[in-house]
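Undergrad: File input.pdb below, PDB, C-alpha atoms:
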ATOM      1  CA  MET G 286       0.771  -4.412  40.722
ATOM      2  CA  GLY G 287      -1.233  -1.227  41.219
ATOM      3  CA  SER G 288      -4.588  -1.052  39.456
ATOM      4  CA  ILE G 289      -3.694   1.898  37.192
ATOM      5  CA  TYR G 290      -0.555   0.195  35.896
ATOM      6  CA  ASP G 291      -2.451  -3.066  35.503
ATOM      7  CA  ILE G 292      -5.134  -1.348  33.382
ATOM      8  CA  VAL G 293      -2.587   0.488  31.208
ATOM      9  CA  GLY G 294      -0.349  -2.555  30.788
ATOM     10  CA  HIS G 295      -3.072  -5.023  29.876
ATOM     11  CA  GLY G 296      -4.921  -2.452  27.759
ATOM     12  CA  ASP G 297      -1.740  -1.915  25.782
ATOM     13  CA  TYR G 298      -1.783  -5.572  24.748
ATOM     14  CA  TYR G 299      -5.097  -4.962  22.983
ATOM     15  CA  VAL G 300      -3.796  -1.778  21.352
ATOM     16  CA  LEU G 301      -0.709  -3.602  20.061
ATOM     17  CA  GLY G 302      -2.882  -6.446  18.812
ATOM     18  CA  ALA G 303      -5.169  -4.004  16.996
ATOM     19  CA  ALA G 304      -2.134  -2.269  15.462
ATOM     20  CA  ALA G 305      -0.748  -5.588  14.232
ATOM     21  CA  LEU G 306      -4.084  -6.635  12.701
ATOM     22  CA  TRP G 307      -4.580  -3.258  11.018
ATOM     23  CA  GLY G 308      -1.053  -3.384   9.630
ATOM     24  CA  ILE G 309      -1.616  -6.879   8.215
ATOM     25  CA  TYR G 310      -4.939  -5.784   6.715
ATOM     26  CA  CYS G 311      -3.338  -2.762   5.032
ATOM     27  CA  MET G 312      -0.504  -4.942   3.724
ATOM     28  CA  ILE G 313      -2.934  -7.437   2.190
ATOM     29  CA  LEU G 314      -4.991  -4.597   0.729
ATOM     30  CA  VAL G 315      -1.976  -2.912  -0.871
ATOM     31  CA  TRP G 316      -0.616  -6.209  -2.205
ATOM     32  CA  THR G 317      -4.012  -7.088  -3.698
ATOM     33  CA  ARG G 318      -4.476  -3.594  -5.136
ATOM     34  CA  VAL G 319      -1.082  -3.650  -6.839
ATOM     35  CA  SER G 320      -1.778  -7.132  -8.216
ATOM     36  CA  GLN G 321      -5.040  -5.880  -9.703
ATOM     37  CA  LYS G 322      -3.386  -2.876 -11.359
ATOM     38  CA  ARG G 323      -0.374  -4.504 -12.986
ATOM     39  CA  PHE G 324       0.351  -6.984 -15.731
ATOM     40  CA  ARG G 325       2.098 -10.031 -14.343
ATOM     41  CA  THR G 326       4.866  -9.825 -16.948
ATOM     42  CA  GLU G 327       6.143  -7.375 -19.535
ATOM     43  CA  ALA G 328       5.339  -9.935 -22.233
ATOM     44  CA  GLU G 329       1.686  -9.953 -21.172
ATOM     45  CA  GLN G 330       1.577  -6.153 -21.360
ATOM     46  CA  ASP G 331       3.298  -6.195 -24.766
ATOM     47  CA  GLN G 332       0.660  -8.613 -26.033
ATOM     48  CA  PHE G 333      -2.074  -6.195 -24.971
ATOM     49  CA  LEU G 334      -0.285  -3.212 -26.532
ATOM     50  CA  ASP G 335       0.306  -5.117 -29.775
ATOM     51  CA  ALA G 336      -3.462  -5.548 -30.066
ATOM     52  CA  VAL G 337      -4.026  -1.858 -29.272
ATOM     53  CA  GLU G 338      -1.473  -0.717 -31.851
ATOM     54  CA  GLY G 339      -3.109  -2.892 -34.496
ATOM     55  CA  HIS G 340      -6.396  -1.056 -33.943
ATOM     56  CA  LEU G 341      -4.583   2.296 -33.818
ATOM     57  CA  ARG G 342      -3.122   1.779 -37.286
ATOM     58  CA  GLN G 343      -6.645   1.237 -38.578
ATOM     59  CA  GLY G 344      -8.051   4.171 -36.625
ATOM     60  CA  ASP G 345     -10.458   1.747 -34.938
ATOM     61  CA  PHE G 346     -10.862   3.411 -31.542
ATOM     62  CA  GLU G 347     -14.110   1.646 -30.742
ATOM     63  CA  SER G 348     -12.318  -1.706 -30.820
ATOM     64  CA  ILE G 349      -9.691  -0.312 -28.441
ATOM     65  CA  GLU G 350     -12.413   0.780 -26.009
ATOM     66  CA  ALA G 351     -13.996  -2.676 -26.262
ATOM     67  CA  LEU G 352     -10.592  -4.268 -25.615
ATOM     68  CA  CYS G 353     -10.128  -2.175 -22.465
ATOM     69  CA  GLU G 354     -13.686  -2.493 -21.180
ATOM     70  CA  GLY G 355     -13.878  -4.187 -17.791
ATOM     71  CA  ASN G 356     -10.068  -4.372 -17.481
ATOM     72  CA  THR G 357      -9.072  -2.887 -14.107
ATOM     73  CA  ARG G 358      -5.329  -2.880 -14.743
ATOM     74  CA  ALA G 359      -3.640   0.509 -14.907
ATOM     75  CA  VAL G 360      -2.522   0.558 -18.548
ATOM     76  CA  PRO G 361      -5.876  -0.530 -20.056
ATOM     77  CA  MET G 362      -7.655   2.014 -17.830
ATOM     78  CA  MET G 363      -5.378   4.822 -19.008
ATOM     79  CA  VAL G 364      -5.576   3.687 -22.635
ATOM     80  CA  ALA G 365      -9.380   3.778 -22.462
ATOM     81  CA  LEU G 366      -9.297   7.292 -20.981
ATOM     82  CA  SER G 367      -6.852   8.431 -23.656
ATOM     83  CA  VAL G 368      -9.043   7.110 -26.451
ATOM     84  CA  LYS G 369     -12.140   8.794 -25.047
ATOM     85  CA  ASN G 370     -10.256  12.119 -24.831
ATOM     86  CA  ARG G 371      -8.142  11.747 -27.986
ATOM     87  CA  LYS G 372      -9.310  15.119 -29.339
ATOM     88  CA  LEU G 373      -7.168  16.900 -26.742
ATOM     89  CA  ASP G 374      -3.762  18.290 -27.630
ATOM     90  CA  PRO G 375      -1.263  15.369 -27.376
ATOM     91  CA  GLU G 376       0.925  17.048 -24.755
ATOM     92  CA  LYS G 377      -2.084  18.021 -22.640
ATOM     93  CA  LEU G 378      -3.516  14.527 -23.013
ATOM     94  CA  GLU G 379      -0.297  12.867 -21.823
ATOM     95  CA  SER G 380      -0.032  15.210 -18.831
ATOM     96  CA  TRP G 381      -3.669  14.688 -17.918
ATOM     97  CA  ILE G 382      -3.434  10.897 -18.219
ATOM     98  CA  MET G 383      -0.375  10.786 -15.961
ATOM     99  CA  ASP G 384      -2.284  12.868 -13.412
ATOM    100  CA  ARG G 385      -5.183  10.417 -13.642
ATOM    101  CA  PHE G 386      -2.739   7.542 -13.138
ATOM    102  CA  GLN G 387      -1.498   9.208  -9.973
ATOM    103  CA  PHE G 388      -5.030   9.883  -8.729
ATOM    104  CA  ASP G 389      -6.863   6.729  -9.833
ATOM    105  CA  VAL G 390      -4.142   4.129  -9.287
ATOM    106  CA  LEU G 391      -1.485   5.362  -6.884
ATOM    107  CA  SER G 392      -3.436   7.558  -4.449
ATOM    108  CA  ASP G 393      -5.352   4.681  -2.822
ATOM    109  CA  ILE G 394      -2.182   2.605  -2.557
ATOM    110  CA  GLU G 395      -0.257   5.521  -1.045
ATOM    111  CA  SER G 396      -2.987   6.195   1.533
ATOM    112  CA  ARG G 397      -2.687   2.604   2.782
ATOM    113  CA  ILE G 398       1.103   2.833   2.802
ATOM    114  CA  THR G 399       0.805   5.967   4.946
ATOM    115  CA  TRP G 400      -1.083   3.907   7.530
ATOM    116  CA  ILE G 401       1.591   1.212   7.424
ATOM    117  CA  SER G 402       4.370   3.788   7.837
ATOM    118  CA  THR G 403       2.506   5.284  10.799
ATOM    119  CA  LEU G 404       2.218   1.864  12.445
ATOM    120  CA  ILE G 405       5.921   1.203  11.875
ATOM    121  CA  LYS G 406       6.746   4.397  13.777
ATOM    122  CA  ALA G 407       4.033   4.002  16.435
ATOM    123  CA  SER G 408       4.474   0.327  17.377
ATOM    124  CA  PRO G 409       7.736   0.779  19.363
ATOM    125  CA  MET G 410       6.121   3.723  21.166
ATOM    126  CA  LEU G 411       3.054   1.633  22.002
ATOM    127  CA  GLY G 412       5.345  -1.084  23.293
ATOM    128  CA  LEU G 413       7.204   1.493  25.354
ATOM    129  CA  ILE G 414       3.970   2.539  27.070
ATOM    130  CA  GLY G 415       3.481  -1.023  28.275
ATOM    131  CA  THR G 416       7.121  -1.248  29.261
ATOM    132  CA  VAL G 417       6.901   1.889  31.387
ATOM    133  CA  ALA G 418       3.652   0.692  32.978
ATOM    134  CA  GLY G 419       5.235  -2.664  33.801
ATOM    135  CA  MET G 420       8.343  -1.142  35.332
ATOM    136  CA  MET G 421       6.329   1.348  37.378
ATOM    137  CA  GLY G 422       4.246  -1.578  38.603
ATOM    138  CA  ALA G 423       7.449  -3.398  39.531
ATOM    139  CA  PHE G 424       8.656  -0.424  41.573
ATOM    140  CA  GLU G 425       5.307  -0.222  43.315
ATOM    141  CA  THR G 426       5.536  -3.929  44.096
ATOM    142  CA  LEU G 427       8.948  -3.374  45.686
ATOM    143  CA  GLU G 428       7.572  -0.472  47.658
ATOM    144  CA  THR G 429       4.506  -2.245  49.046
ATOM    145  CA  ALA G 430       5.621  -5.898  49.143
ATOM    146  CA  THR G 431       5.923  -7.786  52.345
ATOM    147  CA  ALA G 432       9.035  -9.729  53.189
ATOM    148  CA  GLU G 433       7.339 -13.071  52.591
ATOM    149  CA  GLU G 434       6.837 -13.199  48.804
ATOM    150  CA  PRO G 435       7.577 -10.117  46.732
ATOM    151  CA  THR G 436       9.475 -12.033  44.045
ATOM    152  CA  LYS G 437       6.583 -13.618  42.095
ATOM    153  CA  GLN G 438       4.667 -10.373  41.466
ATOM    154  CA  LEU G 439       7.878  -8.467  40.782
ATOM    155  CA  LEU G 440       8.907 -10.945  38.097
ATOM    156  CA  ALA G 441       5.415 -10.778  36.557
ATOM    157  CA  ASP G 442       5.680  -6.991  36.330
ATOM    158  CA  ILE G 443       9.112  -7.115  34.726
ATOM    159  CA  ARG G 444       8.010  -9.844  32.321
ATOM    160  CA  MET G 445       5.027  -7.781  31.203
ATOM    161  CA  ALA G 446       7.308  -4.789  30.626
ATOM    162  CA  LEU G 447       9.654  -6.809  28.421
ATOM    163  CA  GLU G 448       6.794  -8.460  26.531
ATOM    164  CA  HIS G 449       5.466  -5.079  25.437
ATOM    165  CA  THR G 450       8.885  -4.062  24.144
ATOM    166  CA  LEU G 451       9.234  -7.342  22.266
ATOM    167  CA  ILE G 452       5.769  -7.162  20.692
ATOM    168  CA  GLY G 453       6.270  -3.564  19.569
ATOM    169  CA  LEU G 454       9.610  -4.401  17.959
ATOM    170  CA  LEU G 455       8.248  -7.536  16.279
ATOM    171  CA  ILE G 456       5.413  -5.547  14.710
ATOM    172  CA  THR G 457       7.839  -2.914  13.429
ATOM    173  CA  VAL G 458      10.348  -5.396  12.005
ATOM    174  CA  THR G 459       7.589  -7.445  10.340
ATOM    175  CA  LEU G 460       5.983  -4.403   8.730
ATOM    176  CA  LEU G 461       9.350  -3.042   7.586
ATOM    177  CA  THR G 462      10.221  -6.348   5.931
ATOM    178  CA  CYS G 463       6.844  -6.599   4.198
ATOM    179  CA  MET G 464       7.081  -2.963   3.082
ATOM    180  CA  ALA G 465      10.373  -3.699   1.318
ATOM    181  CA  PHE G 466       8.647  -6.360  -0.808
ATOM    182  CA  ILE G 467       5.627  -4.142  -1.455
ATOM    183  CA  ASN G 468       7.730  -1.121  -2.457
ATOM    184  CA  ASN G 469       9.593  -3.249  -4.991
ATOM    185  CA  ARG G 470       6.271  -4.472  -6.381
ATOM    186  CA  ILE G 471       4.880  -0.930  -6.615
ATOM    187  CA  ARG G 472       8.044   0.365  -8.285
ATOM    188  CA  HIS G 473       7.881  -2.441 -10.856
ATOM    189  CA  MET G 474       4.203  -1.661 -11.522
ATOM    190  CA  GLU G 475       4.932   2.060 -12.002
ATOM    191  CA  GLU G 476       7.883   1.469 -14.316
ATOM    192  CA  LEU G 477       6.000  -1.075 -16.417
ATOM    193  CA  SER G 478       2.877   1.100 -16.594
ATOM    194  CA  VAL G 479       4.794   4.249 -17.582
ATOM    195  CA  PHE G 480       6.702   2.292 -20.222
ATOM    196  CA  GLY G 481       3.431   0.907 -21.581
ATOM    197  CA  MET G 482       1.741   4.308 -21.680
ATOM    198  CA  ASN G 483       4.718   5.889 -23.437
ATOM    199  CA  ARG G 484       4.527   3.177 -26.065
ATOM    200  CA  PHE G 485       0.809   3.803 -26.504
ATOM    201  CA  PHE G 486       1.291   7.571 -26.832
ATOM    202  CA  ASP G 487       3.997   7.014 -29.453
ATOM    203  CA  GLY G 488       1.502   5.001 -31.470
ATOM    204  CA  LEU G 489      -1.275   7.541 -30.907
ATOM    205  CA  ARG G 490       0.898  10.383 -32.260
ATOM    206  CA  GLU G 491       1.287   8.520 -35.538
ATOM    207  CA  VAL G 492      -2.475   8.378 -36.072
ATOM    208  CA  PRO G 493      -3.600  11.207 -38.403
ATOM    209  CA  GLN G 494      -5.821  13.825 -36.771
ATOM    210  CA  SER G 495      -8.615  13.032 -39.233
ATOM    211  CA  ARG G 496      -8.753   9.460 -37.965
ATOM    212  CA  LYS G 497      -8.753  10.596 -34.338
ATOM    213  CA  LEU G 498     -11.874  12.634 -34.993
ATOM    214  CA  ARG G 499     -13.610   9.831 -36.833
ATOM    215  CA  SER G 500     -15.989   7.563 -34.957
ATOM    216  CA  ARG G 501     -17.161   4.288 -36.424
TER     217      ARG G 501
END
Go ahead and render the structure in this file as structure tokens.

TA:
Amino acid sequence: MGSIYDIVGHGDYYVLGAAALWGIYCMILVWTRVSQKRFRTEAEQDQFLDAVEGHLRQGDFESIEALCEGNTRAVPMMVALSVKNRKLDPEKLESWIMDRFQFDVLSDIESRITWISTLIKASPMLGLIGTVAGMMGAFETLETATAEEPTKQLLADIRMALEHTLIGLLITVTLLTCMAFINNRIRHMEELSVFGMNRFFDGLREVPQSRKLRSR
């Protein structure tokens, strides 16, 4: 096979390998990030909110902050922010907290998902580059081969072309399948977090303004 096609074809193996590794890394990162930001079950979140509501009824905001301190899950983070900014108008506070949820929790996850989506679209194209290089090498082999033994190199060129197509498709199918699981996990986290925050805000509205302004 001609040197230019050989360089492009073999170089494309490394590019596909790098794409696969980066995709796996982003998948693991997103999965870990979502796991860190969600309660494992609704019952576990309800247990946390029960404790928060008990302190709310007493107007004990310092205990709520202590309960949330060091907790990296989304709902405790947003509860802590809400308590620190409880003097704001309730509607403004809810809107601001939801914006913070989008920025602090979802933005990093979405940036990684963007990379994964890009790899899903790019992997077949990367495979196609190797396929084209392999087929062009095969045509060059036919053009320059002697009558004695053109078959071995020709088959190697065609095999390389098909391997690139296969690898590109495997990467895409694998990432698409993993993304389906991750999207379900993210959707569950969002729904559970929004439900938890709505419950907290309902309890916060019932606290008299005089207690909100009080600090123990």

Undergrad: Take the PyMOL selection byres ((chain G and resi 395-398) around 8), apply it to the structure above, and return the hits as an NGL selection string.

TA: :G and (311-312 or 314-315 or 391-394 or 399-402)

Undergrad: Could you name the residues that touch Glu338 of chain G at 9 Å or less, counting only C-alpha atoms, but leaving out those on the same chain fewer than 3 positions away, as a PyMOL selection string?

TA: chain G and resi 333-335+341-343+349+485+488-489

Undergrad: Where does the PyMOL selection byres ((chain G and resi 457) around 9) land in this file, that is, which residues does it pick, as a list of chain:residue names?

TA: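 On this input, the PyMOL selection byres ((chain G and resi 457) around 9) captures G:Leu404, G:Ile405, G:Lys406, G:Ala407, G:Ser408, G:Pro409, G:Ile452, G:Gly453, G:Leu454, G:Leu455, G:Ile456, G:Val458, G:Thr459, G:Leu460, G:Leu461, G:Thr462.
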
Undergrad: Would you work out the distance separating atom CA of Tyr299 of chain G from atom CA of Gly419 of chain G, expressed in Å to one decimal?

TA: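 Separation of atom CA of Tyr299 of chain G and atom CA of Gly419 of chain G: 15.1 Å.
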
Undergrad: Quick one: of G:Val492, G:Lys437, G:Leu378, G:Ser320, who's nearest to Ile467 of chain G, counting all atoms listed in the file?

TA: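 So, comparing all the options, the nearest one is G:Ser320.
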
Undergrad: Would you list the residues near (-15.9, 8.2, -28.8) (no more than 8 Å away, in the coordinates of the file, using all atoms listed in the file) as a list in words?

TA: Phe346, Glu347, Val368, Lys369, Asn370 and Ser500 of chain G

Undergrad: Okay, now the selection with C-alpha atoms, as a tab-separated table (two decimals), keeping the file's coordinate frame?

TA:
chain	number	residue	atom	x	y	z
G	346	PHE	CA	-10.86	3.41	-31.54
G	347	GLU	CA	-14.11	1.65	-30.74
G	368	VAL	CA	-9.04	7.11	-26.45
G	369	LYS	CA	-12.14	8.79	-25.05
G	370	ASN	CA	-10.26	12.12	-24.83
G	500	SER	CA	-15.99	7.56	-34.96

Undergrad: Can you list what the PyMOL selection byres ((chain G and resi 289) around 12) grabs from this structure, as a CSV table (one decimal) with C-alpha atoms, in the coordinates of the input?

TA:
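After the write, out24.csv holds the following:
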chain,number,residue,atom,x,y,z
G,286,MET,CA,0.8,-4.4,40.7
G,287,GLY,CA,-1.2,-1.2,41.2
G,288,SER,CA,-4.6,-1.1,39.5
G,290,TYR,CA,-0.6,0.2,35.9
G,291,ASP,CA,-2.5,-3.1,35.5
G,292,ILE,CA,-5.1,-1.3,33.4
G,293,VAL,CA,-2.6,0.5,31.2
G,294,GLY,CA,-0.3,-2.6,30.8
G,295,HIS,CA,-3.1,-5.0,29.9
G,296,GLY,CA,-4.9,-2.5,27.8
G,415,GLY,CA,3.5,-1.0,28.3
G,418,ALA,CA,3.7,0.7,33.0
G,419,GLY,CA,5.2,-2.7,33.8
G,421,MET,CA,6.3,1.3,37.4
G,422,GLY,CA,4.2,-1.6,38.6
G,425,GLU,CA,5.3,-0.2,43.3

Undergrad: Using only C-alpha atoms for the distances, tell me which of G:Lys377, G:Lys372, G:His340, G:Arg470 is nearest to Arg318 of chain G.

TA: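 Of G:Lys377, G:Lys372, G:His340, G:Arg470, the one nearest Arg318 of chain G, counting only C-alpha atoms, is G:Arg470.
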
Undergrad: Please indicate the distance in Å from atom CA of Ile414 of chain G to atom CA of Cys463 of chain G, rounded to one decimal place.

TA: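 Computing the Euclidean distance for atom CA of Ile414 of chain G and atom CA of Cys463 of chain G yields 24.8 Å.
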
Undergrad: Given all atoms listed in the file, how would the per-residue table for segment 320-419 of chain G near segment 476-483 of chain G read, listing every residue at most 12 Å away with its closest atom pair and distance in Å to one decimal, sorted by chain and number, as a Markdown table?

TA:
| residue | atom | partner | partner_atom | distance |
| --- | --- | --- | --- | --- |
| G:Lys322 | CA | G:Ser478 | CA | 9.1 |
| G:Arg323 | CA | G:Ser478 | CA | 7.4 |
| G:Phe324 | CA | G:Leu477 | CA | 8.2 |
| G:Arg325 | CA | G:Leu477 | CA | 10.0 |
| G:Thr326 | CA | G:Leu477 | CA | 8.8 |
| G:Glu327 | CA | G:Leu477 | CA | 7.0 |
| G:Ala328 | CA | G:Leu477 | CA | 10.6 |
| G:Glu329 | CA | G:Leu477 | CA | 11.0 |
| G:Gln330 | CA | G:Gly481 | CA | 7.3 |
| G:Asp331 | CA | G:Gly481 | CA | 7.8 |
| G:Gln332 | CA | G:Gly481 | CA | 10.9 |
| G:Phe333 | CA | G:Gly481 | CA | 9.6 |
| G:Leu334 | CA | G:Gly481 | CA | 7.4 |
| G:Asp335 | CA | G:Gly481 | CA | 10.6 |
| G:Val337 | CA | G:Gly481 | CA | 11.1 |
| G:Glu338 | CA | G:Gly481 | CA | 11.5 |
| G:Arg358 | CA | G:Ser478 | CA | 9.3 |
| G:Ala359 | CA | G:Ser478 | CA | 6.8 |
| G:Val360 | CA | G:Ser478 | CA | 5.8 |
| G:Pro361 | CA | G:Met482 | CA | 9.2 |
| G:Met362 | CA | G:Met482 | CA | 10.4 |
| G:Met363 | CA | G:Met482 | CA | 7.6 |
| G:Val364 | CA | G:Met482 | CA | 7.4 |
| G:Ala365 | CA | G:Met482 | CA | 11.2 |
| G:Leu366 | CA | G:Met482 | CA | 11.5 |
| G:Ser367 | CA | G:Met482 | CA | 9.7 |
| G:Pro375 | CA | G:Asn483 | CA | 11.9 |
| G:Glu376 | CA | G:Asn483 | CA | 11.9 |
| G:Leu378 | CA | G:Met482 | CA | 11.6 |
| G:Glu379 | CA | G:Asn483 | CA | 8.7 |
| G:Ser380 | CA | G:Met482 | CA | 11.4 |
| G:Ile382 | CA | G:Met482 | CA | 9.1 |
| G:Met383 | CA | G:Val479 | CA | 8.5 |
| G:Asp384 | CA | G:Val479 | CA | 11.9 |
| G:Phe386 | CA | G:Ser478 | CA | 9.2 |
| G:Gln387 | CA | G:Val479 | CA | 11.0 |
| G:Val390 | CA | G:Ser478 | CA | 10.6 |
| G:Leu391 | CA | G:Ser478 | CA | 11.5 |

Undergrad: Write the selection just made, keeping C-alpha atoms, as a PDB file, in the coordinates of the input?

TA:
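File part-v4.pdb, as written:
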ATOM      1  CA  LYS G 322      -3.386  -2.876 -11.359  1.00  0.00           C
ATOM      2  CA  ARG G 323      -0.374  -4.504 -12.986  1.00  0.00           C
ATOM      3  CA  PHE G 324       0.351  -6.984 -15.731  1.00  0.00           C
ATOM      4  CA  ARG G 325       2.098 -10.031 -14.343  1.00  0.00           C
ATOM      5  CA  THR G 326       4.866  -9.825 -16.948  1.00  0.00           C
ATOM      6  CA  GLU G 327       6.143  -7.375 -19.535  1.00  0.00           C
ATOM      7  CA  ALA G 328       5.339  -9.935 -22.233  1.00  0.00           C
ATOM      8  CA  GLU G 329       1.686  -9.953 -21.172  1.00  0.00           C
ATOM      9  CA  GLN G 330       1.577  -6.153 -21.360  1.00  0.00           C
ATOM     10  CA  ASP G 331       3.298  -6.195 -24.766  1.00  0.00           C
ATOM     11  CA  GLN G 332       0.660  -8.613 -26.033  1.00  0.00           C
ATOM     12  CA  PHE G 333      -2.074  -6.195 -24.971  1.00  0.00           C
ATOM     13  CA  LEU G 334      -0.285  -3.212 -26.532  1.00  0.00           C
ATOM     14  CA  ASP G 335       0.306  -5.117 -29.775  1.00  0.00           C
ATOM     15  CA  VAL G 337      -4.026  -1.858 -29.272  1.00  0.00           C
ATOM     16  CA  GLU G 338      -1.473  -0.717 -31.851  1.00  0.00           C
ATOM     17  CA  ARG G 358      -5.329  -2.880 -14.743  1.00  0.00           C
ATOM     18  CA  ALA G 359      -3.640   0.509 -14.907  1.00  0.00           C
ATOM     19  CA  VAL G 360      -2.522   0.558 -18.548  1.00  0.00           C
ATOM     20  CA  PRO G 361      -5.876  -0.530 -20.056  1.00  0.00           C
ATOM     21  CA  MET G 362      -7.655   2.014 -17.830  1.00  0.00           C
ATOM     22  CA  MET G 363      -5.378   4.822 -19.008  1.00  0.00           C
ATOM     23  CA  VAL G 364      -5.576   3.687 -22.635  1.00  0.00           C
ATOM     24  CA  ALA G 365      -9.380   3.778 -22.462  1.00  0.00           C
ATOM     25  CA  LEU G 366      -9.297   7.292 -20.981  1.00  0.00           C
ATOM     26  CA  SER G 367      -6.852   8.431 -23.656  1.00  0.00           C
ATOM     27  CA  PRO G 375      -1.263  15.369 -27.376  1.00  0.00           C
ATOM     28  CA  GLU G 376       0.925  17.048 -24.755  1.00  0.00           C
ATOM     29  CA  LEU G 378      -3.516  14.527 -23.013  1.00  0.00           C
ATOM     30  CA  GLU G 379      -0.297  12.867 -21.823  1.00  0.00           C
ATOM     31  CA  SER G 380      -0.032  15.210 -18.831  1.00  0.00           C
ATOM     32  CA  ILE G 382      -3.434  10.897 -18.219  1.00  0.00           C
ATOM     33  CA  MET G 383      -0.375  10.786 -15.961  1.00  0.00           C
ATOM     34  CA  ASP G 384      -2.284  12.868 -13.412  1.00  0.00           C
ATOM     35  CA  PHE G 386      -2.739   7.542 -13.138  1.00  0.00           C
ATOM     36  CA  GLN G 387      -1.498   9.208  -9.973  1.00  0.00           C
ATOM     37  CA  VAL G 390      -4.142   4.129  -9.287  1.00  0.00           C
ATOM     38  CA  LEU G 391      -1.485   5.362  -6.884  1.00  0.00           C
TER      39      LEU G 391
END

Undergrad: Using the file's own x, y and z axes, what box holds all listed atoms of segment 408-423 of chain G with 3 Å on each side, keeping edges along x, y and z, and what are its centre and edge lengths in Å to one decimal, as JSON?

TA:
{"center_x": 5.7, "center_y": 0.2, "center_z": 28.5, "size_x": 11.3, "size_y": 13.1, "size_z": 28.2}

Undergrad: Please compute the atom CA of Glu491 of chain G-atom CA of Asn356 of chain G distance, one decimal, in Å.

TA: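 Atom-to-atom, atom CA of Glu491 of chain G to atom CA of Asn356 of chain G, that is 24.9 Å.
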
Undergrad: Which residue, G:Ser348, G:Cys353, G:Glu448, G:Ala423, has the smallest gap to Thr436 of chain G when you use all atoms listed in the file?

TA: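 Using all atoms listed in the file, the shortest distance to Thr436 of chain G belongs to G:Ala423.
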
Undergrad: Which is closest to Asp297 of chain G among G:Leu447, G:Leu413, G:Ala336, G:Leu440, if we use all atoms listed in the file?

TA: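 Nearest to Asp297 of chain G: G:Leu413.
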
Undergrad: Please rebuild segment 455-470 of chain G with N, CA and C atoms and return the result as a tab-separated table (two decimals), keeping the file's coordinate frame.

TA:
chain	number	residue	atom	x	y	z
G	455	LEU	N	8.62	-6.52	17.26
G	455	LEU	CA	8.25	-7.54	16.28
G	455	LEU	C	7.30	-6.97	15.22
G	456	ILE	N	6.34	-6.17	15.66
G	456	ILE	CA	5.41	-5.55	14.71
G	456	ILE	C	6.17	-4.65	13.74
G	457	THR	N	7.08	-3.84	14.27
G	457	THR	CA	7.84	-2.91	13.43
G	457	THR	C	8.72	-3.65	12.42
G	458	VAL	N	9.45	-4.65	12.89
G	458	VAL	CA	10.35	-5.40	12.00
G	458	VAL	C	9.56	-6.13	10.92
G	459	THR	N	8.42	-6.72	11.31
G	459	THR	CA	7.59	-7.44	10.34
G	459	THR	C	7.05	-6.51	9.27
G	460	LEU	N	6.53	-5.35	9.69
G	460	LEU	CA	5.98	-4.40	8.73
G	460	LEU	C	7.07	-3.82	7.83
G	461	LEU	N	8.25	-3.56	8.39
G	461	LEU	CA	9.35	-3.04	7.59
G	461	LEU	C	9.77	-4.05	6.51
G	462	THR	N	9.84	-5.31	6.89
G	462	THR	CA	10.22	-6.35	5.93
G	462	THR	C	9.19	-6.47	4.82
G	463	CYS	N	7.91	-6.50	5.20
G	463	CYS	CA	6.84	-6.60	4.20
G	463	CYS	C	6.82	-5.37	3.29
G	464	MET	N	7.09	-4.19	3.87
G	464	MET	CA	7.08	-2.96	3.08
G	464	MET	C	8.17	-2.98	2.01
G	465	ALA	N	9.30	-3.61	2.31
G	465	ALA	CA	10.37	-3.70	1.32
G	465	ALA	C	9.89	-4.47	0.08
G	466	PHE	N	9.19	-5.59	0.31
G	466	PHE	CA	8.65	-6.36	-0.81
G	466	PHE	C	7.59	-5.57	-1.56
G	467	ILE	N	6.71	-4.89	-0.83
G	467	ILE	CA	5.63	-4.14	-1.46
G	467	ILE	C	6.17	-2.97	-2.27
G	468	ASN	N	7.16	-2.26	-1.72
G	468	ASN	CA	7.73	-1.12	-2.46
G	468	ASN	C	8.37	-1.57	-3.77
G	469	ASN	N	9.02	-2.72	-3.75
G	469	ASN	CA	9.59	-3.25	-4.99
G	469	ASN	C	8.49	-3.57	-6.00
G	470	ARG	N	7.39	-4.12	-5.51
G	470	ARG	CA	6.27	-4.47	-6.38
G	470	ARG	C	5.62	-3.22	-6.97
